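Since the structure comes first, as structure tokens, the remarks are kept for the end.
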Amino acid sequence: MNIVVLVKLVPDLVEELEIDSSGATLDTTFMRMIINEPDEHALEQAIILKEREGGEVTVLGPAIEDIDGVLFTAFAKGSDRLIKLVDGFELEVNNHALARAFTSVIRELNPDLVLTGVQAHNDLDGSLGPLVAEYLGMSYVGYVSGVTSSGDKLTVRKEYPGGLIGEMEVAIPAVLGIQSAEQPPRYVAISKVRQAMKTATIDEQTLTELDPSGGPTVSQMFQPQVGERAEMIEGDIDQIAAKLVELFGDLGVV
Amino acid sequence: MGDNIYVVIEHLQGQVSEISYVMLAAGRALASGIGGELVAILLGHQAQNLAGDLAADRVLYMDDPALAEFTPDAYQLALAELIKTDTPRAVLLGDTSVGAEVAGALSVRLEIPLVSRCSSVHAKEGTPKFVSQICGGKIMAEGDLPGPTALVTMVPGDFKAEEGQSDQPAEVTSIPAPSFDDLKVTLKQYIEPEVGDVDISTEPILIAVGRGIQQEANLELAEELAAALGGTICASRPVVDQGWLPISRLVGKSGKSVKPKLFLAIGISGAPEHVEAVTGSETIIAINTDPAAPIFDIAKYGANVDLFELVPALTEQLQGS
Ligand SMILES: Cc1cc2nc3c(=O)[nH]c(=O)nc-3n(C[C@H](O)[C@H](O)[C@H](O)COP(=O)(O)OP(=O)(O)OC[C@H]3O[C@@H](n4cnc5c(N)ncnc54)[C@H](O)[C@@H]3O)c2cc1C
Ligand SMILES: Nc1ncnc2c1ncn2[C@@H]1O[C@H](COP(=O)(O)O)[C@@H](O)[C@H]1O
């Protein structure tokens, strides 16, 4: 099976996020971008499928920040081909623009299956998968946590709330939005990534124009203030623990 | 026409999903702000009874065997024609396993804009607005709802489900279904979740562990605390994805909603997908090293410390008391 995996980079939420002076966008000066976590699951699912059924995995990402690192890591994990989309990308490119950019490249690759993360935490104009699927004229199923293939059909496990699974049959070619891979994403040692940097090549595809139409325009960003913030318990560790024990008593749980 | 707000009703296994009522409440705020009608769209098969408590001005009901259960292709086909001819000002769908994929396809197919992860839609001086919750709940993004018809996917938060329920049934109009030949996705079966050893949705004391716990072996710390407190362990998604706890212990959008007396969140950031399922808790206490963690926005009490220091100390004091 010929599989294409789409990856997107998103702000690392471990770092503090700042809004820039325009008030309408994130300040990217100190922002660290990392691979979207569900995309890591999409990559894992692709490699599992390849190991099970043969084929080739191509990973595609926009050329921003450390995309090379992300792609070489994907190679070290077992993917075969790396492509980055060059030009015009700003950190805040919207998904409609990204989907159109990806689509032109995916068409050339003629895949049986396109996998991407079901969503990213900074999606403002829908998630990438359904947009790409519709541009390609393929079916889409999202919230997927398991894929098996049989000939020209896939059987996928689609997640509904409460752990309910809808088992769906999907004709290929198709795009799937992966929620979780069948197994947790594998770990690769840094030494293997370094080796990939020496042996693998990243193809570049140059794009002309990124068109953001289809997404909203943000006029203002702010940090949420839902009611009051928690009452913070201060002190050293033992004092905090003692205060908590007292609180548990007040709540009647001990 | 152009001022009406459509809400696509989600239902699963014969039950209207809570997000549908939340959307009706939000849709009402928007519709009354711009002087339009609130219209519920119900797609299904022999499902007209589901319209009974929808707080809408009208219900448009499309019946077809192909709509008996949700599949993305059938929903997309059903909605595309309707939206194209009626041109409502906005169409609200859930930011869920149902709404999210339908909205994306419709945006491309009909060439109309899409705004996702919205916690609110409303009107300010007659102008429709959205508020979207991004970056794991750390950032809110606000703007004018794009036109002429905006697709909106909604997350729970700002509106209460009860406000979308009514004991006066709205008028139901049947609308014709398009042809559903050649669907490429079919539902084979539902697989019910495995029943766990405990039902976390009814447990009174929950110790919830998140990625801050770092490794499976460290779960023992939380288990000791739970034993000392007489509570039950549950978790955020990354912990369950690693296989450290079964899905029956998952709290959140894809897991269970909980309403304990005490919800003690340890090393959980408070992403919207997690938070939406814990707000029914009587008291939330959070332990997190990140002072900006969104979990502190919903917790009553917080401790901004390392769980690996606090949890053992807390267990010890509880055992001693
Ligand atoms: C479609 C979809 C559905 C989802 N459904 C769910 C769901 O049902 N339930 C769910 O939980 N998630 C769900 N998620 C995932 C969700 O988006 C978040 O990724 C997840 O909730 C984050 O889990 P976390 O808080 O444990 O991890 P993180 O966000 O990584 O947070 C870890 C926290 O631990 C803190 N920490 C680290 N070390 C320590 C320490 N030593 N002491 C104290 N604190 C520490 C950090 O400051 C951080 O705040 C879903 C995602 C998607 C895309
Ligand atoms: N060097 C690495 N290369 C690729 N992925 C990594 C690397 N280090 C960590 N990860 C990812 O992080 C996860 C392990 O995280 P943790 O369990 O927090 O150590 C794995 O699932 C990997 O996907």
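Residues in the structure tokens are named by chain (A, B, ... in the order shown) and by number from 1 within that chain; ligands are numbered from 1 in the order shown.
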
(message) I'd like the neighbourhood of region 9-26 of chain A as a list in words, where a residue qualifies if any of its atoms comes within 7 Å (using only C-alpha atoms), though same-chain residues fewer than 5 positions away should be ignored.
(response)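 Within the cut-off, the hits are Met31, Arg32, Met33, Ile34, Ile35, Asn36, Asn122, Val218, Ser219, Gln220 and Met221 of chain A; Cys135 of chain B.
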
(request) For region 147-159 of chain A, please output as an MDAnalysis selection string all residues within 6 Å (counting only C-alpha atoms; exclusion window: fewer than 3 positions along the same chain). (result) chainID A and resid 143:144 165:172

May I have the residues within 7 Å of ligand 1, computed using only C-alpha atoms and all ligand atoms, as a PDB file with N, CA and C atoms, in the first residue's frame?
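This is the output file part-v5.pdb:
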ATOM      1  N   VAL A  14       3.925  23.513  26.118  1.00  0.00           N
ATOM      2  CA  VAL A  14       4.706  23.518  27.354  1.00  0.00           C
ATOM      3  C   VAL A  14       5.324  24.910  27.559  1.00  0.00           C
ATOM      4  N   PRO A  38      -1.435  14.172  17.282  1.00  0.00           N
ATOM      5  CA  PRO A  38      -2.139  13.149  16.502  1.00  0.00           C
ATOM      6  C   PRO A  38      -1.433  12.797  15.178  1.00  0.00           C
ATOM      7  N   VAL A 118      -6.157  13.559  13.496  1.00  0.00           N
ATOM      8  CA  VAL A 118      -7.570  13.949  13.404  1.00  0.00           C
ATOM      9  C   VAL A 118      -7.774  15.443  13.611  1.00  0.00           C
ATOM     10  N   GLN A 119      -6.926  16.043  14.428  1.00  0.00           N
ATOM     11  CA  GLN A 119      -7.019  17.492  14.588  1.00  0.00           C
ATOM     12  C   GLN A 119      -5.717  18.018  15.159  1.00  0.00           C
ATOM     13  N   ALA A 120      -5.596  19.347  15.171  1.00  0.00           N
ATOM     14  CA  ALA A 120      -4.451  19.974  15.820  1.00  0.00           C
ATOM     15  C   ALA A 120      -5.026  21.025  16.763  1.00  0.00           C
ATOM     16  N   TYR A 143     -11.323  10.474  13.594  1.00  0.00           N
ATOM     17  CA  TYR A 143     -11.401   9.887  14.942  1.00  0.00           C
ATOM     18  C   TYR A 143     -11.123   8.393  14.888  1.00  0.00           C
ATOM     19  N   GLN A 179      -6.823   9.368  15.354  1.00  0.00           N
ATOM     20  CA  GLN A 179      -6.870   9.835  16.742  1.00  0.00           C
ATOM     21  C   GLN A 179      -5.736   9.171  17.524  1.00  0.00           C
TER      22      GLN A 179
ATOM     23  N   GLY B 136      -5.059  24.174  23.281  1.00  0.00           N
ATOM     24  CA  GLY B 136      -5.331  23.427  24.502  1.00  0.00           C
ATOM     25  C   GLY B 136      -6.064  24.229  25.554  1.00  0.00           C
ATOM     26  N   VAL B 209      -4.837  11.112  36.749  1.00  0.00           N
ATOM     27  CA  VAL B 209      -3.435  11.311  36.398  1.00  0.00           C
ATOM     28  C   VAL B 209      -3.273  11.663  34.925  1.00  0.00           C
ATOM     29  N   GLY B 210      -2.339  12.570  34.673  1.00  0.00           N
ATOM     30  CA  GLY B 210      -2.070  12.994  33.306  1.00  0.00           C
ATOM     31  C   GLY B 210      -0.646  12.684  32.915  1.00  0.00           C
ATOM     32  N   ARG B 211      -0.246  13.251  31.784  1.00  0.00           N
ATOM     33  CA  ARG B 211       1.078  12.966  31.234  1.00  0.00           C
ATOM     34  C   ARG B 211       2.201  13.361  32.191  1.00  0.00           C
ATOM     35  N   GLY B 212       1.890  14.285  33.114  1.00  0.00           N
ATOM     36  CA  GLY B 212       2.891  14.683  34.114  1.00  0.00           C
ATOM     37  C   GLY B 212       3.422  13.503  34.904  1.00  0.00           C
ATOM     38  N   ILE B 213       2.747  12.388  34.907  1.00  0.00           N
ATOM     39  CA  ILE B 213       3.191  11.211  35.663  1.00  0.00           C
ATOM     40  C   ILE B 213       4.382  10.519  34.982  1.00  0.00           C
ATOM     41  N   ALA B 235      -7.809   8.837  34.287  1.00  0.00           N
ATOM     42  CA  ALA B 235      -6.679   9.420  33.565  1.00  0.00           C
ATOM     43  C   ALA B 235      -7.098  10.260  32.382  1.00  0.00           C
ATOM     44  N   SER B 236      -6.129  11.039  31.909  1.00  0.00           N
ATOM     45  CA  SER B 236      -6.300  11.773  30.653  1.00  0.00           C
ATOM     46  C   SER B 236      -5.897  10.854  29.500  1.00  0.00           C
ATOM     47  N   ARG B 237      -6.137  11.297  28.306  1.00  0.00           N
ATOM     48  CA  ARG B 237      -5.942  10.475  27.114  1.00  0.00           C
ATOM     49  C   ARG B 237      -4.505   9.970  26.898  1.00  0.00           C
ATOM     50  N   PRO B 238      -3.484  10.819  27.063  1.00  0.00           N
ATOM     51  CA  PRO B 238      -2.131  10.306  26.796  1.00  0.00           C
ATOM     52  C   PRO B 238      -1.784   9.085  27.656  1.00  0.00           C
ATOM     53  N   VAL B 239      -2.273   9.058  28.881  1.00  0.00           N
ATOM     54  CA  VAL B 239      -1.992   7.935  29.783  1.00  0.00           C
ATOM     55  C   VAL B 239      -2.668   6.666  29.266  1.00  0.00           C
ATOM     56  N   LEU B 250     -10.767   6.415  31.168  1.00  0.00           N
ATOM     57  CA  LEU B 250     -10.512   7.677  30.453  1.00  0.00           C
ATOM     58  C   LEU B 250     -11.592   8.720  30.747  1.00  0.00           C
ATOM     59  N   VAL B 251     -11.134   9.907  31.141  1.00  0.00           N
ATOM     60  CA  VAL B 251     -12.049  11.022  31.375  1.00  0.00           C
ATOM     61  C   VAL B 251     -11.923  11.992  30.213  1.00  0.00           C
ATOM     62  N   GLY B 252     -13.044  12.358  29.591  1.00  0.00           N
ATOM     63  CA  GLY B 252     -12.969  13.370  28.551  1.00  0.00           C
ATOM     64  C   GLY B 252     -13.933  13.134  27.424  1.00  0.00           C
ATOM     65  N   LYS B 253     -13.731  13.933  26.398  1.00  0.00           N
ATOM     66  CA  LYS B 253     -14.569  13.927  25.213  1.00  0.00           C
ATOM     67  C   LYS B 253     -14.715  12.523  24.634  1.00  0.00           C
ATOM     68  N   SER B 254     -13.599  11.788  24.568  1.00  0.00           N
ATOM     69  CA  SER B 254     -13.687  10.450  23.998  1.00  0.00           C
ATOM     70  C   SER B 254     -13.863   9.384  25.067  1.00  0.00           C
ATOM     71  N   GLY B 255     -13.889   9.804  26.320  1.00  0.00           N
ATOM     72  CA  GLY B 255     -14.081   8.851  27.410  1.00  0.00           C
ATOM     73  C   GLY B 255     -15.374   9.126  28.138  1.00  0.00           C
ATOM     74  N   ILE B 266      -3.845  15.441  38.749  1.00  0.00           N
ATOM     75  CA  ILE B 266      -2.400  15.425  38.986  1.00  0.00           C
ATOM     76  C   ILE B 266      -1.655  15.379  37.659  1.00  0.00           C
ATOM     77  N   GLY B 267      -0.940  16.441  37.336  1.00  0.00           N
ATOM     78  CA  GLY B 267      -0.163  16.455  36.089  1.00  0.00           C
ATOM     79  C   GLY B 267      -1.031  16.430  34.855  1.00  0.00           C
ATOM     80  N   ILE B 268      -2.164  17.124  34.949  1.00  0.00           N
ATOM     81  CA  ILE B 268      -3.088  17.254  33.802  1.00  0.00           C
ATOM     82  C   ILE B 268      -3.165  18.732  33.427  1.00  0.00           C
ATOM     83  N   SER B 269      -2.990  19.038  32.138  1.00  0.00           N
ATOM     84  CA  SER B 269      -2.945  20.456  31.744  1.00  0.00           C
ATOM     85  C   SER B 269      -4.325  21.105  31.709  1.00  0.00           C
ATOM     86  N   GLY B 270      -5.357  20.307  31.429  1.00  0.00           N
ATOM     87  CA  GLY B 270      -6.690  20.888  31.353  1.00  0.00           C
ATOM     88  C   GLY B 270      -7.067  21.282  29.940  1.00  0.00           C
ATOM     89  N   ALA B 271      -6.751  20.422  28.975  1.00  0.00           N
ATOM     90  CA  ALA B 271      -7.155  20.662  27.583  1.00  0.00           C
ATOM     91  C   ALA B 271      -8.683  20.612  27.494  1.00  0.00           C
ATOM     92  N   PRO B 272      -9.262  21.357  26.548  1.00  0.00           N
ATOM     93  CA  PRO B 272     -10.728  21.399  26.437  1.00  0.00           C
ATOM     94  C   PRO B 272     -11.358  20.008  26.340  1.00  0.00           C
ATOM     95  N   GLU B 273     -10.686  19.086  25.629  1.00  0.00           N
ATOM     96  CA  GLU B 273     -11.253  17.744  25.455  1.00  0.00           C
ATOM     97  C   GLU B 273     -11.326  17.003  26.789  1.00  0.00           C
ATOM     98  N   HIS B 274     -10.502  17.398  27.721  1.00  0.00           N
ATOM     99  CA  HIS B 274     -10.528  16.782  29.048  1.00  0.00           C
ATOM    100  C   HIS B 274     -11.536  17.517  29.938  1.00  0.00           C
ATOM    101  N   ILE B 287      -2.988  19.777  40.784  1.00  0.00           N
ATOM    102  CA  ILE B 287      -1.563  19.861  41.107  1.00  0.00           C
ATOM    103  C   ILE B 287      -0.809  19.903  39.786  1.00  0.00           C
ATOM    104  N   ASN B 288      -0.097  21.008  39.560  1.00  0.00           N
ATOM    105  CA  ASN B 288       0.555  21.159  38.258  1.00  0.00           C
ATOM    106  C   ASN B 288       1.723  22.134  38.387  1.00  0.00           C
ATOM    107  N   THR B 289       2.830  21.811  37.733  1.00  0.00           N
ATOM    108  CA  THR B 289       4.013  22.684  37.805  1.00  0.00           C
ATOM    109  C   THR B 289       3.902  23.922  36.922  1.00  0.00           C
ATOM    110  N   ASP B 290       2.970  23.928  35.999  1.00  0.00           N
ATOM    111  CA  ASP B 290       2.813  25.079  35.096  1.00  0.00           C
ATOM    112  C   ASP B 290       1.757  26.035  35.659  1.00  0.00           C
ATOM    113  N   ALA B 293      -1.320  26.589  33.495  1.00  0.00           N
ATOM    114  CA  ALA B 293      -2.111  25.440  33.030  1.00  0.00           C
ATOM    115  C   ALA B 293      -3.607  25.759  33.112  1.00  0.00           C
ATOM    116  N   VAL B 305       3.075  22.923  42.263  1.00  0.00           N
ATOM    117  CA  VAL B 305       4.278  22.217  42.710  1.00  0.00           C
ATOM    118  C   VAL B 305       4.461  20.921  41.934  1.00  0.00           C
ATOM    119  N   ASP B 306       5.632  20.323  42.148  1.00  0.00           N
ATOM    120  CA  ASP B 306       5.990  19.061  41.497  1.00  0.00           C
ATOM    121  C   ASP B 306       5.201  17.906  42.135  1.00  0.00           C
ATOM    122  N   LEU B 307       4.492  17.186  41.314  1.00  0.00           N
ATOM    123  CA  LEU B 307       3.680  16.085  41.845  1.00  0.00           C
ATOM    124  C   LEU B 307       4.546  15.023  42.509  1.00  0.00           C
ATOM    125  N   PHE B 308       5.782  14.868  42.018  1.00  0.00           N
ATOM    126  CA  PHE B 308       6.638  13.823  42.590  1.00  0.00           C
ATOM    127  C   PHE B 308       7.088  14.163  44.008  1.00  0.00           C
TER     128      PHE B 308
END

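Comparing the minimum interatomic distances between ligand 2 and each of B:Glu282, B:Glu309, B:Glu216, B:Glu111, counting only C-alpha atoms and all ligand atoms, we find that B:Glu216 sits nearest.
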
(request) List all protein, DNA and RNA residues that have an atom no more than 12 Å from any atom of ligand 2, counting only C-alpha atoms and all ligand atoms, and report them as a PyMOL selection string. (result) (chain A and resi 34-45+69-78+180-181+183-194+196) or (chain B and resi 210-218+238-244)

(request) From a DSSP calculation on the backbone, collect every residue of region 169-300 of chain B in helix (DSSP H, G or I) and output the set as a ChimeraX atom specification. (result) /B:200-202,211-213,216-229,237-241,247-249,272-275,295-298

Since we have the selection now, will you write its residues out, keeping N, CA and C atoms, as an mmCIF file, in the first residue's frame?
data_model
loop_
_atom_site.group_PDB
_atom_site.id
_atom_site.type_symbol
_atom_site.label_atom_id
_atom_site.label_comp_id
_atom_site.auth_asym_id
_atom_site.auth_seq_id
_atom_site.Cartn_x
_atom_site.Cartn_y
_atom_site.Cartn_z
ATOM 1 N N ILE B 200 -16.243 4.942 36.515
ATOM 2 C CA ILE B 200 -15.734 6.214 37.046
ATOM 3 C C ILE B 200 -16.791 7.322 37.034
ATOM 4 N N SER B 201 -17.827 7.152 36.191
ATOM 5 C CA SER B 201 -18.839 8.217 36.121
ATOM 6 C C SER B 201 -19.690 8.297 37.392
ATOM 7 N N THR B 202 -19.603 7.277 38.251
ATOM 8 C CA THR B 202 -20.387 7.322 39.490
ATOM 9 C C THR B 202 -19.518 7.310 40.747
ATOM 10 N N ARG B 211 -0.246 13.251 31.784
ATOM 11 C CA ARG B 211 1.078 12.966 31.234
ATOM 12 C C ARG B 211 2.201 13.361 32.191
ATOM 13 N N GLY B 212 1.890 14.285 33.114
ATOM 14 C CA GLY B 212 2.891 14.683 34.114
ATOM 15 C C GLY B 212 3.422 13.503 34.904
ATOM 16 N N ILE B 213 2.747 12.388 34.907
ATOM 17 C CA ILE B 213 3.191 11.211 35.663
ATOM 18 C C ILE B 213 4.382 10.519 34.982
ATOM 19 N N GLU B 216 4.815 4.651 33.363
ATOM 20 C CA GLU B 216 3.858 3.704 33.921
ATOM 21 C C GLU B 216 4.187 3.373 35.380
ATOM 22 N N ALA B 217 5.477 3.189 35.662
ATOM 23 C CA ALA B 217 5.876 2.780 37.012
ATOM 24 C C ALA B 217 5.436 3.817 38.051
ATOM 25 N N ASN B 218 5.372 5.093 37.619
ATOM 26 C CA ASN B 218 5.001 6.148 38.569
ATOM 27 C C ASN B 218 3.533 6.139 38.947
ATOM 28 N N LEU B 219 2.735 5.386 38.214
ATOM 29 C CA LEU B 219 1.305 5.304 38.539
ATOM 30 C C LEU B 219 1.103 4.822 39.975
ATOM 31 N N GLU B 220 2.080 4.056 40.449
ATOM 32 C CA GLU B 220 2.013 3.528 41.802
ATOM 33 C C GLU B 220 1.833 4.645 42.827
ATOM 34 N N LEU B 221 2.495 5.778 42.587
ATOM 35 C CA LEU B 221 2.371 6.921 43.497
ATOM 36 C C LEU B 221 0.920 7.357 43.607
ATOM 37 N N ALA B 222 0.260 7.413 42.448
ATOM 38 C CA ALA B 222 -1.140 7.842 42.427
ATOM 39 C C ALA B 222 -2.034 6.766 43.049
ATOM 40 N N GLU B 223 -1.665 5.506 42.831
ATOM 41 C CA GLU B 223 -2.467 4.421 43.398
ATOM 42 C C GLU B 223 -2.389 4.408 44.926
ATOM 43 N N GLU B 224 -1.207 4.692 45.433
ATOM 44 C CA GLU B 224 -1.054 4.755 46.894
ATOM 45 C C GLU B 224 -1.884 5.896 47.462
ATOM 46 N N LEU B 225 -1.869 7.018 46.759
ATOM 47 C CA LEU B 225 -2.667 8.159 47.210
ATOM 48 C C LEU B 225 -4.158 7.807 47.165
ATOM 49 N N ALA B 226 -4.557 7.157 46.078
ATOM 50 C CA ALA B 226 -5.962 6.776 45.936
ATOM 51 C C ALA B 226 -6.375 5.831 47.062
ATOM 52 N N ALA B 227 -5.488 4.892 47.400
ATOM 53 C CA ALA B 227 -5.794 3.947 48.482
ATOM 54 C C ALA B 227 -5.958 4.704 49.801
ATOM 55 N N ALA B 228 -5.066 5.661 50.045
ATOM 56 C CA ALA B 228 -5.121 6.422 51.299
ATOM 57 C C ALA B 228 -6.380 7.277 51.379
ATOM 58 N N LEU B 229 -6.866 7.713 50.221
ATOM 59 C CA LEU B 229 -8.050 8.586 50.170
ATOM 60 C C LEU B 229 -9.347 7.800 49.993
ATOM 61 N N ARG B 237 -6.137 11.297 28.306
ATOM 62 C CA ARG B 237 -5.942 10.475 27.114
ATOM 63 C C ARG B 237 -4.505 9.970 26.898
ATOM 64 N N PRO B 238 -3.484 10.819 27.063
ATOM 65 C CA PRO B 238 -2.131 10.306 26.796
ATOM 66 C C PRO B 238 -1.784 9.085 27.656
ATOM 67 N N VAL B 239 -2.273 9.058 28.881
ATOM 68 C CA VAL B 239 -1.992 7.935 29.783
ATOM 69 C C VAL B 239 -2.668 6.666 29.266
ATOM 70 N N VAL B 240 -3.884 6.813 28.764
ATOM 71 C CA VAL B 240 -4.616 5.671 28.224
ATOM 72 C C VAL B 240 -4.021 5.253 26.873
ATOM 73 N N ASP B 241 -3.614 6.228 26.059
ATOM 74 C CA ASP B 241 -2.992 5.924 24.764
ATOM 75 C C ASP B 241 -1.703 5.121 24.932
ATOM 76 N N ILE B 247 -9.310 1.963 28.750
ATOM 77 C CA ILE B 247 -10.150 3.065 28.283
ATOM 78 C C ILE B 247 -11.323 3.323 29.227
ATOM 79 N N SER B 248 -11.676 2.330 30.024
ATOM 80 C CA SER B 248 -12.761 2.540 30.994
ATOM 81 C C SER B 248 -12.384 3.597 32.033
ATOM 82 N N ARG B 249 -11.087 3.918 32.134
ATOM 83 C CA ARG B 249 -10.642 4.933 33.095
ATOM 84 C C ARG B 249 -10.429 6.303 32.445
ATOM 85 N N PRO B 272 -9.262 21.357 26.548
ATOM 86 C CA PRO B 272 -10.728 21.399 26.437
ATOM 87 C C PRO B 272 -11.358 20.008 26.340
ATOM 88 N N GLU B 273 -10.686 19.086 25.629
ATOM 89 C CA GLU B 273 -11.253 17.744 25.455
ATOM 90 C C GLU B 273 -11.326 17.003 26.789
ATOM 91 N N HIS B 274 -10.502 17.398 27.721
ATOM 92 C CA HIS B 274 -10.528 16.782 29.048
ATOM 93 C C HIS B 274 -11.536 17.517 29.938
ATOM 94 N N VAL B 275 -11.415 18.839 29.918
ATOM 95 C CA VAL B 275 -12.189 19.685 30.831
ATOM 96 C C VAL B 275 -13.709 19.533 30.645
ATOM 97 N N ILE B 295 -6.050 24.021 33.607
ATOM 98 C CA ILE B 295 -6.781 23.283 34.646
ATOM 99 C C ILE B 295 -7.051 24.199 35.849
ATOM 100 N N PHE B 296 -6.160 25.189 36.078
ATOM 101 C CA PHE B 296 -6.366 26.110 37.199
ATOM 102 C C PHE B 296 -7.534 27.076 36.946
ATOM 103 N N ASP B 297 -8.009 27.143 35.706
ATOM 104 C CA ASP B 297 -9.177 27.992 35.406
ATOM 105 C C ASP B 297 -10.474 27.349 35.865
ATOM 106 N N ILE B 298 -10.461 26.031 36.011
ATOM 107 C CA ILE B 298 -11.707 25.372 36.430
ATOM 108 C C ILE B 298 -11.595 24.767 37.826
#

(message) Using only C-alpha atoms for the distances, tell me which of A:Thr29, A:Ser145, A:Gln223, A:Asn94 is nearest to chain B.
(response)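 Smallest distance to chain B is found for A:Gln223.
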
(request) Could you please determine the separation between CA of Glu192 (chain B) and CA of Gly177 (chain A) in Å, to one decimal place? (result) 21.2 Å

(request) Please run DSSP on the backbone and report, as an MDAnalysis selection string, all residues within region 12-214 of chain A that come out as strand (DSSP E or B). (result) chainID A and resid 19 26 33:35 56:62 81:86 113:117 139:150 153:159 165:171 174:178 202:206 213

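Nearest to Asp64 (chain B) of all the residues B:Leu42, B:Leu106, B:Ala25, B:Ala90 is B:Leu42, based on only C-alpha atoms.
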
(request) Extract, using only C-alpha atoms, all DNA, RNA and protein residues at most 10 Å from Asp181 (chain B), discarding same-chain residues fewer than 3 positions from it, and format them as a VMD selection string. (result) chain B and resid 66 74 178 184

(message) When you count only C-alpha atoms, which of these residues is closest to chain B: A:Phe102, A:Phe30, A:Phe248, A:Phe222?
(response)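 With only C-alpha atoms as the atom set, the closest residue is A:Phe222.
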
(request) Determine, counting only C-alpha atoms, which protein, DNA and RNA residues have an atom within 10 Å of an atom of region 130-140 of chain A; residues of the same chain fewer than 3 positions away are not included. Present the result as a ChimeraX atom specification. (result) /A:6,95-104,106-107,113-116,118,125-127,170-177 /B:71-73,100-109,183-185

Hey, can you spit out that residue selection with C-alpha atoms as an mmCIF file, in the first residue's frame?
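Below is the file that was written, part12.cif:
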data_model
loop_
_atom_site.group_PDB
_atom_site.id
_atom_site.type_symbol
_atom_site.label_atom_id
_atom_site.label_comp_id
_atom_site.auth_asym_id
_atom_site.auth_seq_id
_atom_site.Cartn_x
_atom_site.Cartn_y
_atom_site.Cartn_z
ATOM 1 C CA LEU A 6 0.639 14.655 6.362
ATOM 2 C CA ASN A 95 -5.655 24.667 7.100
ATOM 3 C CA HIS A 96 -7.537 25.602 3.944
ATOM 4 C CA ALA A 97 -4.318 27.027 2.495
ATOM 5 C CA LEU A 98 -2.269 24.093 3.759
ATOM 6 C CA ALA A 99 -4.801 21.584 2.403
ATOM 7 C CA ARG A 100 -4.707 23.132 -1.064
ATOM 8 C CA ALA A 101 -0.897 23.135 -0.970
ATOM 9 C CA PHE A 102 -0.744 19.495 0.129
ATOM 10 C CA THR A 103 -3.338 18.436 -2.433
ATOM 11 C CA SER A 104 -1.285 19.404 -5.453
ATOM 12 C CA ILE A 106 -0.454 14.345 -3.069
ATOM 13 C CA ARG A 107 -2.068 14.035 -6.508
ATOM 14 C CA LEU A 113 -4.224 6.017 1.585
ATOM 15 C CA VAL A 114 -3.549 9.416 3.157
ATOM 16 C CA LEU A 115 -3.204 9.562 6.933
ATOM 17 C CA THR A 116 -3.078 12.647 9.113
ATOM 18 C CA VAL A 118 -7.570 13.949 13.404
ATOM 19 C CA ASP A 125 -10.795 26.560 10.124
ATOM 20 C CA GLY A 126 -11.486 22.869 10.597
ATOM 21 C CA SER A 127 -9.000 20.039 10.660
ATOM 22 C CA VAL A 170 -14.164 2.619 3.529
ATOM 23 C CA ALA A 171 -13.354 2.287 -0.155
ATOM 24 C CA ILE A 172 -9.812 3.262 -1.127
ATOM 25 C CA PRO A 173 -8.305 5.640 -1.991
ATOM 26 C CA ALA A 174 -9.244 7.412 1.215
ATOM 27 C CA VAL A 175 -8.063 9.932 3.758
ATOM 28 C CA LEU A 176 -8.194 9.019 7.447
ATOM 29 C CA GLY A 177 -7.911 11.295 10.455
ATOM 30 C CA THR B 71 -21.779 8.063 7.962
ATOM 31 C CA PRO B 72 -19.841 11.034 6.641
ATOM 32 C CA ASP B 73 -20.770 10.670 2.954
ATOM 33 C CA ALA B 100 -16.055 17.933 12.307
ATOM 34 C CA GLU B 101 -15.657 15.815 9.189
ATOM 35 C CA VAL B 102 -18.946 16.877 7.658
ATOM 36 C CA ALA B 103 -18.111 20.557 8.128
ATOM 37 C CA GLY B 104 -14.719 20.247 6.447
ATOM 38 C CA ALA B 105 -16.112 18.521 3.382
ATOM 39 C CA LEU B 106 -18.972 21.010 3.063
ATOM 40 C CA SER B 107 -16.630 23.973 3.323
ATOM 41 C CA VAL B 108 -14.669 22.757 0.307
ATOM 42 C CA ARG B 109 -17.643 21.440 -1.659
ATOM 43 C CA LEU B 183 -21.805 5.773 -0.764
ATOM 44 C CA LYS B 184 -18.156 4.935 -0.140
ATOM 45 C CA VAL B 185 -18.308 4.613 3.637
#

Could you list, as an mmCIF file with C-alpha atoms, in the first residue's frame, every residue within 10 Å of Leu60 (chain A), counting only C-alpha atoms and ignoring same-chain residues fewer than 6 positions away?
data_model
loop_
_atom_site.group_PDB
_atom_site.id
_atom_site.type_symbol
_atom_site.label_atom_id
_atom_site.label_comp_id
_atom_site.auth_asym_id
_atom_site.auth_seq_id
_atom_site.Cartn_x
_atom_site.Cartn_y
_atom_site.Cartn_z
ATOM 1 C CA VAL A 4 1.111 9.432 2.411
ATOM 2 C CA VAL A 5 1.304 10.946 5.897
ATOM 3 C CA LEU A 6 0.639 14.655 6.362
ATOM 4 C CA VAL A 7 2.269 16.370 9.300
ATOM 5 C CA LYS A 8 1.727 19.820 10.667
ATOM 6 C CA ILE A 67 10.506 20.339 9.824
ATOM 7 C CA LEU A 71 11.024 14.373 8.775
ATOM 8 C CA ARG A 81 10.309 9.197 1.422
ATOM 9 C CA LEU A 82 10.378 12.738 2.800
ATOM 10 C CA ILE A 83 8.984 15.832 1.146
ATOM 11 C CA LYS A 84 8.769 19.375 2.400
ATOM 12 C CA LEU A 85 6.657 22.106 0.890
ATOM 13 C CA PHE A 102 -0.744 19.495 0.129
ATOM 14 C CA VAL A 105 1.644 17.331 -4.198
ATOM 15 C CA ILE A 106 -0.454 14.345 -3.069
ATOM 16 C CA THR A 116 -3.078 12.647 9.113
ATOM 17 C CA ILE A 202 14.317 15.577 1.830
ATOM 18 C CA ASP A 203 12.737 16.456 -1.506
ATOM 19 C CA GLU A 204 11.546 20.018 -1.860
ATOM 20 C CA GLN A 205 8.379 21.004 -3.634
#
